[in-house]
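File shown: entry-v7.pdb (PDB, C-alpha atoms and all ligand atoms).
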ATOM      1  CA  MET E1370      13.643  36.292  -8.798  1.00  0.00           C
ATOM      2  CA  MET E1371      13.579  35.711 -12.504  1.00  0.00           C
ATOM      3  CA  SER E1372      11.097  33.351 -13.989  1.00  0.00           C
ATOM      4  CA  ALA E1373      13.154  32.098 -16.836  1.00  0.00           C
ATOM      5  CA  SER E1374      12.630  28.525 -17.850  1.00  0.00           C
ATOM      6  CA  GLY E1375      15.075  26.259 -16.150  1.00  0.00           C
ATOM      7  CA  GLY E1376      14.903  28.338 -12.995  1.00  0.00           C
ATOM      8  CA  THR E1377      15.919  26.963  -9.650  1.00  0.00           C
ATOM      9  CA  GLU E1378      12.521  26.965  -7.986  1.00  0.00           C
ATOM     10  CA  ALA E1379      12.364  23.206  -8.171  1.00  0.00           C
ATOM     11  CA  GLN E1380      11.320  21.756  -4.856  1.00  0.00           C
ATOM     12  CA  ALA E1381       8.609  19.362  -3.857  1.00  0.00           C
ATOM     13  CA  GLY E1382       6.629  17.946  -6.721  1.00  0.00           C
ATOM     14  CA  GLU E1383       9.546  17.812  -9.051  1.00  0.00           C
ATOM     15  CA  THR E1384      10.805  14.432  -8.036  1.00  0.00           C
ATOM     16  CA  GLY E1385       9.250  12.659 -10.958  1.00  0.00           C
ATOM     17  CA  ASP E1386       6.105  11.532 -12.623  1.00  0.00           C
ATOM     18  CA  THR E1387       3.231  10.033 -10.761  1.00  0.00           C
ATOM     19  CA  ARG E1388       4.036   6.365 -10.744  1.00  0.00           C
ATOM     20  CA  ALA E1389       0.589   5.293  -9.714  1.00  0.00           C
ATOM     21  CA  SER E1390      -2.670   6.485  -8.299  1.00  0.00           C
ATOM     22  CA  GLY E1391      -5.516   4.904  -6.471  1.00  0.00           C
ATOM     23  CA  GLY E1392      -8.261   5.258  -3.946  1.00  0.00           C
ATOM     24  CA  CYS E1393     -11.039   3.691  -1.961  1.00  0.00           C
ATOM     25  CA  LEU E1394     -14.393   2.448  -3.193  1.00  0.00           C
ATOM     26  CA  CYS E1395     -16.359   5.619  -2.415  1.00  0.00           C
ATOM     27  CA  GLY E1396     -13.717   8.086  -3.542  1.00  0.00           C
ATOM     28  CA  GLY E1397     -13.249   9.667  -0.112  1.00  0.00           C
ATOM     29  CA  VAL E1398      -9.603   8.666  -0.173  1.00  0.00           C
ATOM     30  CA  ARG E1399      -7.432   9.313  -3.244  1.00  0.00           C
ATOM     31  CA  TYR E1400      -3.676   9.005  -3.360  1.00  0.00           C
ATOM     32  CA  ALA E1401      -0.763   9.243  -5.752  1.00  0.00           C
ATOM     33  CA  VAL E1402       2.618   7.591  -5.609  1.00  0.00           C
ATOM     34  CA  ARG E1403       5.617   9.416  -7.008  1.00  0.00           C
ATOM     35  CA  GLY E1404       8.406   6.931  -6.929  1.00  0.00           C
ATOM     36  CA  LYS E1405       9.107   3.275  -6.973  1.00  0.00           C
ATOM     37  CA  LEU E1406       6.551   0.652  -6.109  1.00  0.00           C
ATOM     38  CA  ARG E1407       7.578  -2.778  -4.912  1.00  0.00           C
ATOM     39  CA  GLN E1408       6.194  -5.897  -6.499  1.00  0.00           C
ATOM     40  CA  VAL E1409       2.996  -7.094  -4.879  1.00  0.00           C
ATOM     41  CA  VAL E1410       3.406  -9.323  -1.840  1.00  0.00           C
ATOM     42  CA  ALA E1411       0.606 -11.483  -0.500  1.00  0.00           C
ATOM     43  CA  CYS E1412       0.404 -11.662   3.294  1.00  0.00           C
ATOM     44  CA  HIS E1413      -1.572 -14.529   4.785  1.00  0.00           C
ATOM     45  CA  CYS E1414      -1.320 -13.533   8.459  1.00  0.00           C
ATOM     46  CA  THR E1415      -4.379 -13.560  10.703  1.00  0.00           C
ATOM     47  CA  GLN E1416      -4.554  -9.774  10.982  1.00  0.00           C
ATOM     48  CA  CYS E1417      -4.600  -9.330   7.217  1.00  0.00           C
ATOM     49  CA  ALA E1418      -7.234 -12.040   6.953  1.00  0.00           C
ATOM     50  CA  ARG E1419      -9.563 -10.262   9.324  1.00  0.00           C
ATOM     51  CA  THR E1420      -9.108  -6.788   7.937  1.00  0.00           C
ATOM     52  CA  THR E1421      -9.302  -7.723   4.245  1.00  0.00           C
ATOM     53  CA  GLY E1422     -11.626 -10.690   4.450  1.00  0.00           C
ATOM     54  CA  HIS E1423      -9.113 -12.953   2.718  1.00  0.00           C
ATOM     55  CA  PHE E1424      -5.397 -12.291   2.361  1.00  0.00           C
ATOM     56  CA  CYS E1425      -3.690  -8.976   1.811  1.00  0.00           C
ATOM     57  CA  ALA E1426      -2.011  -8.250  -1.521  1.00  0.00           C
ATOM     58  CA  ALA E1427       0.011  -5.081  -1.176  1.00  0.00           C
ATOM     59  CA  THR E1428       2.692  -3.078  -2.857  1.00  0.00           C
ATOM     60  CA  HIS E1429       4.968  -0.731  -0.936  1.00  0.00           C
ATOM     61  CA  CYS E1430       6.563   2.690  -1.363  1.00  0.00           C
ATOM     62  CA  ASP E1431       8.754   5.127   0.508  1.00  0.00           C
ATOM     63  CA  THR E1432       6.724   7.315   2.837  1.00  0.00           C
ATOM     64  CA  PRO E1433       7.606  10.636   1.126  1.00  0.00           C
ATOM     65  CA  ASP E1434       6.492   9.204  -2.226  1.00  0.00           C
ATOM     66  CA  LEU E1435       2.906   8.758  -1.094  1.00  0.00           C
ATOM     67  CA  ALA E1436       0.795  11.868  -1.576  1.00  0.00           C
ATOM     68  CA  LEU E1437      -2.699  11.926  -0.164  1.00  0.00           C
ATOM     69  CA  GLU E1438      -4.838  13.878  -2.586  1.00  0.00           C
ATOM     70  CA  LYS E1439      -8.090  13.311  -0.777  1.00  0.00           C
ATOM     71  CA  GLY E1440      -8.191  12.020   2.759  1.00  0.00           C
ATOM     72  CA  GLU E1441     -11.293  13.305   4.456  1.00  0.00           C
ATOM     73  CA  THR E1442     -12.552   9.836   5.271  1.00  0.00           C
ATOM     74  CA  LEU E1443      -9.175   8.197   5.972  1.00  0.00           C
ATOM     75  CA  ARG E1444      -8.947   6.628   9.409  1.00  0.00           C
ATOM     76  CA  TRP E1445      -6.119   4.748  11.110  1.00  0.00           C
ATOM     77  CA  TYR E1446      -6.519   1.675  13.244  1.00  0.00           C
ATOM     78  CA  ARG E1447      -3.661   0.494  15.409  1.00  0.00           C
ATOM     79  CA  SER E1448      -3.714  -3.203  14.626  1.00  0.00           C
ATOM     80  CA  SER E1449      -0.700  -4.248  16.700  1.00  0.00           C
ATOM     81  CA  GLN E1450       2.028  -2.838  18.900  1.00  0.00           C
ATOM     82  CA  GLU E1451       4.094  -2.079  15.838  1.00  0.00           C
ATOM     83  CA  ALA E1452       1.725  -1.093  13.115  1.00  0.00           C
ATOM     84  CA  GLU E1453      -1.423   0.695  12.069  1.00  0.00           C
ATOM     85  CA  ARG E1454      -3.755   0.285   9.120  1.00  0.00           C
ATOM     86  CA  GLY E1455      -5.371   3.020   7.076  1.00  0.00           C
ATOM     87  CA  PHE E1456      -8.919   2.518   5.882  1.00  0.00           C
ATOM     88  CA  CYS E1457     -11.846   4.546   4.643  1.00  0.00           C
ATOM     89  CA  GLY E1458     -14.257   5.339   7.450  1.00  0.00           C
ATOM     90  CA  ARG E1459     -17.127   5.623   4.993  1.00  0.00           C
ATOM     91  CA  CYS E1460     -16.874   2.679   2.598  1.00  0.00           C
ATOM     92  CA  GLY E1461     -14.541   0.471   4.654  1.00  0.00           C
ATOM     93  CA  SER E1462     -11.837   0.003   2.037  1.00  0.00           C
ATOM     94  CA  ASN E1463      -8.524  -1.228   3.364  1.00  0.00           C
ATOM     95  CA  LEU E1464      -5.773   0.969   1.954  1.00  0.00           C
ATOM     96  CA  PHE E1465      -2.555   1.296   3.917  1.00  0.00           C
ATOM     97  CA  TRP E1466      -0.292  -0.370   6.432  1.00  0.00           C
ATOM     98  CA  ARG E1467       2.615   1.329   8.145  1.00  0.00           C
ATOM     99  CA  ARG E1468       4.850   0.866  11.137  1.00  0.00           C
ATOM    100  CA  ILE E1469       4.295   3.149  14.094  1.00  0.00           C
ATOM    101  CA  GLY E1470       6.868   5.896  13.782  1.00  0.00           C
ATOM    102  CA  GLY E1471       7.336   5.286  10.086  1.00  0.00           C
ATOM    103  CA  GLY E1472      10.759   4.588   8.756  1.00  0.00           C
ATOM    104  CA  GLU E1473       9.891   1.598   6.649  1.00  0.00           C
ATOM    105  CA  GLY E1474       7.602   3.138   4.128  1.00  0.00           C
ATOM    106  CA  VAL E1475       3.948   2.419   3.517  1.00  0.00           C
ATOM    107  CA  SER E1476       2.238  -0.671   2.204  1.00  0.00           C
ATOM    108  CA  ILE E1477      -0.632  -0.014  -0.198  1.00  0.00           C
ATOM    109  CA  THR E1478      -3.270  -2.631  -0.899  1.00  0.00           C
ATOM    110  CA  ALA E1479      -2.839  -3.553  -4.544  1.00  0.00           C
ATOM    111  CA  GLY E1480      -6.534  -3.691  -5.348  1.00  0.00           C
ATOM    112  CA  THR E1481      -6.960   0.008  -4.572  1.00  0.00           C
ATOM    113  CA  LEU E1482      -4.488   1.014  -7.302  1.00  0.00           C
ATOM    114  CA  ASP E1483      -5.914   2.388 -10.513  1.00  0.00           C
ATOM    115  CA  ARG E1484      -5.426   0.056 -13.457  1.00  0.00           C
ATOM    116  CA  PRO E1485      -3.273  -0.948 -15.147  1.00  0.00           C
ATOM    117  CA  THR E1486      -0.846  -1.171 -12.254  1.00  0.00           C
ATOM    118  CA  GLY E1487       2.106  -2.551 -14.203  1.00  0.00           C
ATOM    119  CA  LEU E1488       2.878  -4.688 -11.171  1.00  0.00           C
ATOM    120  CA  ARG E1489       2.990  -8.424 -10.609  1.00  0.00           C
ATOM    121  CA  MET E1490       2.597 -10.591  -7.549  1.00  0.00           C
ATOM    122  CA  GLY E1491       6.027 -11.587  -6.290  1.00  0.00           C
ATOM    123  CA  TYR E1492       5.748 -13.961  -3.377  1.00  0.00           C
ATOM    124  CA  HIS E1493       3.732 -14.983  -0.325  1.00  0.00           C
ATOM    125  CA  ILE E1494       4.493 -14.320   3.330  1.00  0.00           C
ATOM    126  CA  PHE E1495       3.082 -15.692   6.596  1.00  0.00           C
ATOM    127  CA  CYS E1496       1.894 -18.788   4.776  1.00  0.00           C
ATOM    128  CA  ALA E1497       2.116 -20.742   8.037  1.00  0.00           C
ATOM    129  CA  SER E1498      -0.710 -18.548   9.366  1.00  0.00           C
ATOM    130  CA  LYS E1499      -3.084 -18.878   6.437  1.00  0.00           C
ATOM    131  CA  SER E1500      -6.620 -20.128   6.892  1.00  0.00           C
ATOM    132  CA  ASP E1501      -7.571 -23.655   5.873  1.00  0.00           C
ATOM    133  CA  TYR E1502     -10.173 -22.970   3.201  1.00  0.00           C
ATOM    134  CA  TYR E1503      -7.757 -22.221   0.351  1.00  0.00           C
ATOM    135  CA  ASP E1504      -4.484 -23.323  -1.158  1.00  0.00           C
ATOM    136  CA  ILE E1505      -1.669 -21.230  -2.534  1.00  0.00           C
ATOM    137  CA  ALA E1506      -1.036 -22.762  -5.918  1.00  0.00           C
ATOM    138  CA  ASP E1507       0.361 -20.058  -8.164  1.00  0.00           C
ATOM    139  CA  GLY E1508       3.901 -21.387  -8.027  1.00  0.00           C
ATOM    140  CA  LEU E1509       5.341 -18.241  -6.444  1.00  0.00           C
ATOM    141  CA  PRO E1510       7.767 -18.495  -3.500  1.00  0.00           C
ATOM    142  CA  GLN E1511       6.129 -19.088  -0.140  1.00  0.00           C
ATOM    143  CA  HIS E1512       7.580 -17.981   3.180  1.00  0.00           C
ATOM    144  CA  GLY E1513       6.295 -19.260   6.509  1.00  0.00           C
ATOM    145  CA  ALA E1514       6.595 -15.883   8.185  1.00  0.00           C
ATOM    146  CA  ASN E1515       8.121 -12.790   6.657  1.00  0.00           C
ATOM    147  CA  SER E1516      10.458 -12.899   3.703  1.00  0.00           C
ATOM    148  CA  GLU E1517      13.684 -12.836   5.675  1.00  0.00           C
TER     149      GLU E1517
HETATM  150 ZN    ZN N   1     -14.240   5.234   0.843  1.00  0.00          ZN
HETATM  151 ZN    ZN N   2      -0.376  -9.724   7.150  1.00  0.00          ZN
END

Would you mind giving the structure from this file in C-alpha cells?
Ligand SMILES: [Zn+2]
Ligand SMILES: [Zn+2]
Amino acid sequence: MMSASGGTEAQAGETGDTRASGGCLCGGVRYAVRGKLRQVVACHCTQCARTTGHFCAATHCDTPDLALEKGETLRWYRSSQEAERGFCGRCGSNLFWRRIGGGEGVSITAGTLDRPTGLRMGYHIFCASKSDYYDIADGLPQHGANSE
C-alpha cells in the first residue's frame, strides 16, 4: 500500500524501453514494440507480392511485445489457411503478418517503422517464387522457400 520508490507495483509496461515505433501512412494505426526485433527478412512469395506491390521486407517480434497504440482503422485479412495480414482500412498500408492462433509472434513490415530503425536486411526467402521483372543482387543469402 505504500508508494515508496522501488515499490512492487511493477507489472505490464515495465518490461523495458520502447524498442521501436511505427504506423501506417494516414496515422490511423500506430504501434510500439517493447522487446527484440529480428533483422529484416525479404519475402518474395506471390502473396507478399500482391499485398505489398513488390516484395515484403519485414522484421518480427514476440506477440506480447507489440502494443497497438492506435488501431481504429486496423483490419485483418486472412490471406491463407495459416495466416492473416493486418492493414489499414483507410490508407491501405500493409503492416502485420501473423499465424492464425498466434504462437510465432508478429511480422511487421519494415517500411512502417519510424526511422532510424537500427535494423539491417538479413536474407531473402521464397526466392523461387519471385516475379521476373527484378533481380536480387545485394549479396545477401537467398533461400528458395523459407529459411529452414
Ligand atoms: Zn492508415
Ligand atoms: Zn511472403

Output check: residues returned by the PyMOL selection byres (((not hetatm)) within 12 of (chain N and resi 1)), as a count of residues only: 27

List as CSV every residue of chain E that is in contact with ligand ZN 2 (chain N), defined as an atom at most 9 Å from one of its atoms (using all atoms listed in the file), together with the nearest atom pair and the distance in Å rounded to one decimal, sorted by chain and then rising number.
residue,atom,partner,partner_atom,distance
E:Ala1411,CA,N:ZN2,ZN,7.9
E:Cys1412,CA,N:ZN2,ZN,4.4
E:His1413,CA,N:ZN2,ZN,5.5
E:Cys1414,CA,N:ZN2,ZN,4.1
E:Thr1415,CA,N:ZN2,ZN,6.6
E:Gln1416,CA,N:ZN2,ZN,5.7
E:Cys1417,CA,N:ZN2,ZN,4.2
E:Ala1418,CA,N:ZN2,ZN,7.2
E:Phe1424,CA,N:ZN2,ZN,7.4
E:Cys1425,CA,N:ZN2,ZN,6.3
E:Ala1426,CA,N:ZN2,ZN,8.9
E:Ile1494,CA,N:ZN2,ZN,7.7
E:Phe1495,CA,N:ZN2,ZN,6.9

Atom CA of E:Ala1479 to atom CA of E:Val1409, distance in Å rounded to a single decimal: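 Result for atom CA of E:Ala1479 versus atom CA of E:Val1409: 6.8 Å, one decimal.
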
Pick from E:Lys1499, E:Thr1387, E:Val1475, E:Gly1404 nearest to E:Ala1427, counting all atoms listed in the file: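 Residue with the minimum atom-to-atom distance to E:Ala1427: E:Val1475.
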
Gap from atom CA of E:Ala1389 to atom CA of E:Thr1420 - Å, one decimal: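 The value is 23.5 Å.
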
Exercise: residues within 12 Å of coordinate (-0.8, -5.9, 16.5), counting only C-alpha atoms, as a PyMOL selection string: chain E and resi 1414-1417+1420+1446-1454+1466-1469

E:Gly1508 surroundings by only C-alpha atoms, 12 Å radius, close-in-sequence under 2 positions cut, as a short mmCIF file (atom, residue, chain, number, x, y, z; two decimals) with C-alpha atoms, keeping the file's coordinate frame:
data_model
loop_
_atom_site.label_atom_id
_atom_site.label_comp_id
_atom_site.auth_asym_id
_atom_site.auth_seq_id
_atom_site.Cartn_x
_atom_site.Cartn_y
_atom_site.Cartn_z
CA MET E 1490 2.60 -10.59 -7.55
CA GLY E 1491 6.03 -11.59 -6.29
CA TYR E 1492 5.75 -13.96 -3.38
CA HIS E 1493 3.73 -14.98 -0.32
CA ASP E 1504 -4.48 -23.32 -1.16
CA ILE E 1505 -1.67 -21.23 -2.53
CA ALA E 1506 -1.04 -22.76 -5.92
CA PRO E 1510 7.77 -18.50 -3.50
CA GLN E 1511 6.13 -19.09 -0.14
#

Gap from atom CA of E:Ser1498 to atom CA of E:Ala1514 - Å, one decimal: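 If I compute the distance from atom CA of E:Ser1498 to atom CA of E:Ala1514, I get 7.9 Å.
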
Shortest interatomic distance to E:Val1402 - which of E:Leu1488, E:Leu1509, E:Leu1482, E:Ala1436, counting all atoms listed in the file: E:Ala1436

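Using only C-alpha atoms, the nearest neighbour of E:Thr1432 within the list E:Gly1513, E:Gly1472, E:Gly1487, E:Gly1480 is E:Gly1472.
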
Test item: residues at most 9 Å from E:Asp1434, all atoms listed in the file, excluding those fewer than 6 positions along its chain, as a PyMOL selection string: chain E and resi 1384+1401-1405+1474

Given only C-alpha atoms as the counted atoms, nearest of E:Glu1438, E:Asp1507, E:Asp1501, E:Asp1431 to E:Arg1407: E:Asp1431

Grab all the atoms of stretch 1489-1506 of chain E that the file lists, wrap them in a box along x, y and z, add 4 Å per side, and give me centre plus edge lengths in Å (one decimal) as AutoDock Vina command-line options.
--center_x -2.1 --center_y -16.0 --center_z -0.6 --size_x 24.2 --size_y 23.2 --size_z 28.0

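Candidate residues E:Ser1390, E:Thr1478, E:Thr1486, E:Ser1500 were compared for distance to E:Val1410, and the nearest is E:Thr1478, using all atoms listed in the file.
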
Quick one: stretch 1387-1423 of chain E with N, CA and C atoms, as a compact mmCIF listing (two decimals), in the frame of the given file?
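That gives us selection39.txt:
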# COMPACT_ATOMS: atom_id res chain seq x y z
N THR E 1387 4.05 10.89 -11.59
CA THR E 1387 3.23 10.03 -10.76
C THR E 1387 3.38 8.61 -11.25
N ARG E 1388 3.81 7.76 -10.37
CA ARG E 1388 4.04 6.36 -10.74
C ARG E 1388 2.73 5.59 -10.73
N ALA E 1389 1.86 5.99 -9.84
CA ALA E 1389 0.59 5.29 -9.71
C ALA E 1389 -0.39 6.17 -8.96
N SER E 1390 -1.64 5.80 -9.07
CA SER E 1390 -2.67 6.48 -8.30
C SER E 1390 -3.70 5.46 -7.88
N GLY E 1391 -4.51 5.85 -6.93
CA GLY E 1391 -5.52 4.90 -6.47
C GLY E 1391 -6.44 5.54 -5.47
N GLY E 1392 -7.32 4.73 -4.92
CA GLY E 1392 -8.26 5.26 -3.95
C GLY E 1392 -9.21 4.19 -3.45
N CYS E 1393 -10.08 4.61 -2.57
CA CYS E 1393 -11.04 3.69 -1.96
C CYS E 1393 -12.28 3.55 -2.83
N LEU E 1394 -13.19 2.73 -2.40
CA LEU E 1394 -14.39 2.45 -3.19
C LEU E 1394 -15.29 3.67 -3.36
N CYS E 1395 -15.43 4.49 -2.34
CA CYS E 1395 -16.36 5.62 -2.42
C CYS E 1395 -15.71 6.90 -2.94
N GLY E 1396 -14.39 6.89 -3.04
CA GLY E 1396 -13.72 8.09 -3.54
C GLY E 1396 -13.33 9.08 -2.46
N GLY E 1397 -13.62 8.78 -1.21
CA GLY E 1397 -13.25 9.67 -0.11
C GLY E 1397 -11.75 9.76 0.11
N VAL E 1398 -11.06 8.69 -0.27
CA VAL E 1398 -9.60 8.67 -0.17
C VAL E 1398 -9.03 8.50 -1.57
N ARG E 1399 -8.16 9.42 -1.98
CA ARG E 1399 -7.43 9.31 -3.24
C ARG E 1399 -5.97 9.60 -2.97
N TYR E 1400 -5.11 8.82 -3.59
CA TYR E 1400 -3.68 9.01 -3.36
C TYR E 1400 -2.90 8.89 -4.66
N ALA E 1401 -1.69 9.39 -4.63
CA ALA E 1401 -0.76 9.24 -5.75
C ALA E 1401 0.57 8.80 -5.21
N VAL E 1402 1.29 8.04 -5.99
CA VAL E 1402 2.62 7.59 -5.61
C VAL E 1402 3.61 8.12 -6.63
N ARG E 1403 4.57 8.88 -6.13
CA ARG E 1403 5.62 9.42 -7.01
C ARG E 1403 6.92 8.76 -6.61
N GLY E 1404 7.20 7.67 -7.28
CA GLY E 1404 8.41 6.93 -6.93
C GLY E 1404 8.20 5.46 -7.17
N LYS E 1405 9.12 4.70 -6.69
CA LYS E 1405 9.11 3.28 -6.97
C LYS E 1405 8.06 2.53 -6.15
N LEU E 1406 7.45 1.57 -6.79
CA LEU E 1406 6.55 0.65 -6.11
C LEU E 1406 7.17 -0.74 -6.13
N ARG E 1407 7.09 -1.40 -5.00
CA ARG E 1407 7.58 -2.78 -4.91
C ARG E 1407 6.62 -3.71 -5.64
N GLN E 1408 7.11 -4.88 -6.00
CA GLN E 1408 6.19 -5.90 -6.50
C GLN E 1408 5.15 -6.22 -5.41
N VAL E 1409 4.07 -6.81 -5.82
CA VAL E 1409 3.00 -7.09 -4.88
C VAL E 1409 3.34 -8.33 -4.05
N VAL E 1410 3.15 -8.22 -2.75
CA VAL E 1410 3.41 -9.32 -1.84
C VAL E 1410 2.09 -9.70 -1.18
N ALA E 1411 1.83 -10.99 -1.12
CA ALA E 1411 0.61 -11.48 -0.50
C ALA E 1411 0.90 -11.92 0.92
N CYS E 1412 0.21 -11.31 1.88
CA CYS E 1412 0.40 -11.66 3.29
C CYS E 1412 -0.80 -12.45 3.80
N HIS E 1413 -0.51 -13.62 4.35
CA HIS E 1413 -1.57 -14.53 4.78
C HIS E 1413 -1.71 -14.57 6.30
N CYS E 1414 -1.25 -13.54 6.99
CA CYS E 1414 -1.32 -13.53 8.46
C CYS E 1414 -2.77 -13.33 8.92
N THR E 1415 -3.01 -13.60 10.19
CA THR E 1415 -4.38 -13.56 10.70
C THR E 1415 -4.93 -12.13 10.73
N GLN E 1416 -4.07 -11.16 10.97
CA GLN E 1416 -4.55 -9.77 10.98
C GLN E 1416 -5.00 -9.34 9.59
N CYS E 1417 -4.21 -9.68 8.59
CA CYS E 1417 -4.60 -9.33 7.22
C CYS E 1417 -5.87 -10.06 6.81
N ALA E 1418 -6.03 -11.29 7.27
CA ALA E 1418 -7.23 -12.04 6.95
C ALA E 1418 -8.47 -11.34 7.49
N ARG E 1419 -8.38 -10.89 8.73
CA ARG E 1419 -9.56 -10.26 9.32
C ARG E 1419 -9.88 -8.91 8.69
N THR E 1420 -8.84 -8.14 8.42
CA THR E 1420 -9.11 -6.79 7.94
C THR E 1420 -9.47 -6.76 6.46
N THR E 1421 -8.98 -7.73 5.67
CA THR E 1421 -9.30 -7.72 4.24
C THR E 1421 -10.42 -8.69 3.90
N GLY E 1422 -10.65 -9.67 4.76
CA GLY E 1422 -11.63 -10.69 4.45
C GLY E 1422 -11.03 -11.90 3.76
N HIS E 1423 -9.77 -11.81 3.36
CA HIS E 1423 -9.11 -12.95 2.72
C HIS E 1423 -7.63 -12.84 3.04
